[in-house]
Amino acid sequence: MTKKIVVTGIGASSPIGGTASETWDALLAGASGARSLGFDWVEQYDLPVTFAAKAKVSPEEVLARPVWKRLDPSSQFALVAAMEAFADAGSPELDTERLGVDWATGIGGLWSLLDAWDTLREKGPRRVLPLTVPMLMPNAPAAAVSMHFEARAYARTVASACASSTEAIVNAYEHLQAGYADVVIAGGSEAAIHPITLASFSSMQALSKRNDDPATASRPYDLNRDGFVMGEGAAALVLETEEHALARGARIYAEIAGGGVTADSYHITAPEPEGKGASRAVELALEQAGATAADVTHINAHATSTPVGDIAEYTALKRVFGDRVHEIPVSATKAATGHLLGGTGALEAMFTVLALHNRTAPPTINLVEQDPAIPLKVSVEAQALDAGPQLAISNSFGFGGHNAVLAVRSYN
């Protein structure tokens, strides 16, 4: 028997806000989280890209010192977002063996790993911290969240590049459907604004090089887009069965109606040019939701602002929706937040949930001259959604050919 899976709590720490509500308000106001980096290492390594979308609030301002000192920044962000989401859900009381965690990261404890390497080279093995491995391992964020809430149903980790946290939410949906838990904390986090990632992504010509104007550098669908902007942070959703949520009188934001996960099996970085894998992920999400392409009223696109990626996603959407895709309101929120890699899907799932809950599709900033090859219905201002039933999809695609799509249905 298929159960309704609903969202009862949200939390975030992003480049445009330290909480979910601050992030949403800033998104609607057209804020940009991209700014110049003031670190010595930017000049030291003569990096070709000197800006990124740093988190607006450091986790060290939120967590107690003994807590954050033992965690990599990727785990710090995870804990901040999960704590907010769980409190927002009303801190549900339940048997902790019925509470699960589905978390994601694309890269994991990069800072802990490379800081330890520097320490080893400069000071020797005896100065390497004993907690280095527990801090750098990719499952550390999931472990930190599960231990904080004593979640004993399970604590699982997804690492599928930029599709990671959307896939984690799809997993949470399926785990709740299967009866593995009554409540799941799902999301993703990333803290990878580091010289090695900026240098590497720059080397592959993936990052925007608008060093003189960071705030407008991320410009999905714009004719002059030149790459994505690296971001950091986390977002979390509390998911539970509708039955469990109603029984405890919880507020419900929206329904996670389905999810689709596929693989291109084509190229380690380039998307499959005909959009076969991505379109199939959309179709699977809709099938699980008991819906068709005709039911979709809003799209939160992956839209990273890369010349190739934006076209590839449009191609995939055209395969599913045909010419009707040109009539569906589309939001490309990475224009504001940058690209949080493994955390981006969770943040955009939250935006999709709030778009339906508040009947407002968020704006896409920095769109000056829309690429005529991508004739989507993209608004540069917040757009009201109809009062009737709404069904949205949120797309995430990652290196390695990973595709993950959520179907979200309005509840109010």
# chains A, B, ... in the order shown; residues from 1 in each chain; ligands from 1
call {"tool": "select_by_dssp", "arguments": {"residues": "segment 115-346 of chain A", "states": "helix (DSSP H, G or I)", "output": "ChimeraX atom specification"}}
result
/A:115-123,125-127,132-136,140-149,161-177,195-203,214-216,242-247,276-288,293-295,307-327,334-337,341-346
call {"tool": "closest_residue", "arguments": {"among": "A:Gly345, A:Pro195, A:Gly249, A:Gly90", "to": "Ala235 of chain A", "atoms": "only C-alpha atoms"}}
result
A:Gly345
call {"tool": "residues_around", "arguments": {"residues": "Leu113 of chain A", "least_positions_apart": "5", "cutoff": "10 Å", "atoms": "only C-alpha atoms", "output": "list in words"}}
result
Asp72, Gly108, Asp118, Thr132, Val133, Met135, Leu136 and Met137 of chain A
call {"tool": "residues_around", "arguments": {"residues": "Pro372 of chain A", "least_positions_apart": "6", "cutoff": "10 Å", "atoms": "only C-alpha atoms", "output": "ChimeraX atom specification"}}
result
/A:221-223
call {"tool": "closest_residue", "arguments": {"among": "A:Arg65, A:Arg35, A:Lys123, A:Arg152", "to": "Arg98 of chain A", "atoms": "only C-alpha atoms"}}
result
A:Arg152
call {"tool": "residues_around", "arguments": {"residues": "segment 311-322 of chain A", "least_positions_apart": "6", "cutoff": "9 Å", "atoms": "only C-alpha atoms", "output": "PyMOL selection string"}}
result
chain A and resi 221+271-280+282-283+293-294+301-303+373-376+395+397
call {"tool": "write_last_selection", "arguments": {"atoms": "C-alpha atoms", "output": "PDB file, in the first residue's frame"}}
result
ATOM      1  CA  TYR A 221      20.057  30.385 -19.235  1.00  0.00           C
ATOM      2  CA  PRO A 271      25.740  14.863 -19.700  1.00  0.00           C
ATOM      3  CA  GLU A 272      24.277  12.443 -22.213  1.00  0.00           C
ATOM      4  CA  PRO A 273      23.511  14.787 -25.149  1.00  0.00           C
ATOM      5  CA  GLU A 274      19.998  13.529 -25.893  1.00  0.00           C
ATOM      6  CA  GLY A 275      18.882  13.746 -22.253  1.00  0.00           C
ATOM      7  CA  LYS A 276      17.790  10.117 -22.106  1.00  0.00           C
ATOM      8  CA  GLY A 277      18.875   9.392 -18.527  1.00  0.00           C
ATOM      9  CA  ALA A 278      17.710  12.722 -17.110  1.00  0.00           C
ATOM     10  CA  SER A 279      14.316  12.526 -18.828  1.00  0.00           C
ATOM     11  CA  ARG A 280      13.840   8.976 -17.581  1.00  0.00           C
ATOM     12  CA  VAL A 282      11.696  12.770 -14.455  1.00  0.00           C
ATOM     13  CA  GLU A 283       9.361  10.119 -15.847  1.00  0.00           C
ATOM     14  CA  ALA A 293       3.797  15.407 -17.484  1.00  0.00           C
ATOM     15  CA  ALA A 294       0.531  17.312 -17.983  1.00  0.00           C
ATOM     16  CA  ALA A 301      15.832  23.267 -12.542  1.00  0.00           C
ATOM     17  CA  HIS A 302      19.364  22.016 -11.923  1.00  0.00           C
ATOM     18  CA  ALA A 303      20.542  24.921 -14.144  1.00  0.00           C
ATOM     19  CA  ALA A 373      18.219  28.005 -27.645  1.00  0.00           C
ATOM     20  CA  ILE A 374      16.578  27.585 -24.199  1.00  0.00           C
ATOM     21  CA  PRO A 375      13.120  29.187 -24.541  1.00  0.00           C
ATOM     22  CA  LEU A 376      11.848  28.252 -21.080  1.00  0.00           C
ATOM     23  CA  ASN A 395      16.126  18.226 -10.752  1.00  0.00           C
ATOM     24  CA  PHE A 397      22.363  15.901 -12.085  1.00  0.00           C
TER      25      PHE A 397
END
call {"tool": "residues_around", "arguments": {"residues": "Ala250 of chain A", "least_positions_apart": "5", "cutoff": "8 Å", "atoms": "only C-alpha atoms", "output": "ChimeraX atom specification"}}
result
/A:8,89-90,245
call {"tool": "write_last_selection", "arguments": {"atoms": "C-alpha atoms", "output": "mmCIF file, in the first residue's frame"}}
result
data_model
loop_
_atom_site.group_PDB
_atom_site.id
_atom_site.type_symbol
_atom_site.label_atom_id
_atom_site.label_comp_id
_atom_site.auth_asym_id
_atom_site.auth_seq_id
_atom_site.Cartn_x
_atom_site.Cartn_y
_atom_site.Cartn_z
ATOM 1 C CA THR A 8 6.970 18.650 8.352
ATOM 2 C CA ALA A 89 8.931 19.875 12.784
ATOM 3 C CA GLY A 90 8.043 20.288 16.446
ATOM 4 C CA ALA A 245 2.251 13.552 11.068
#
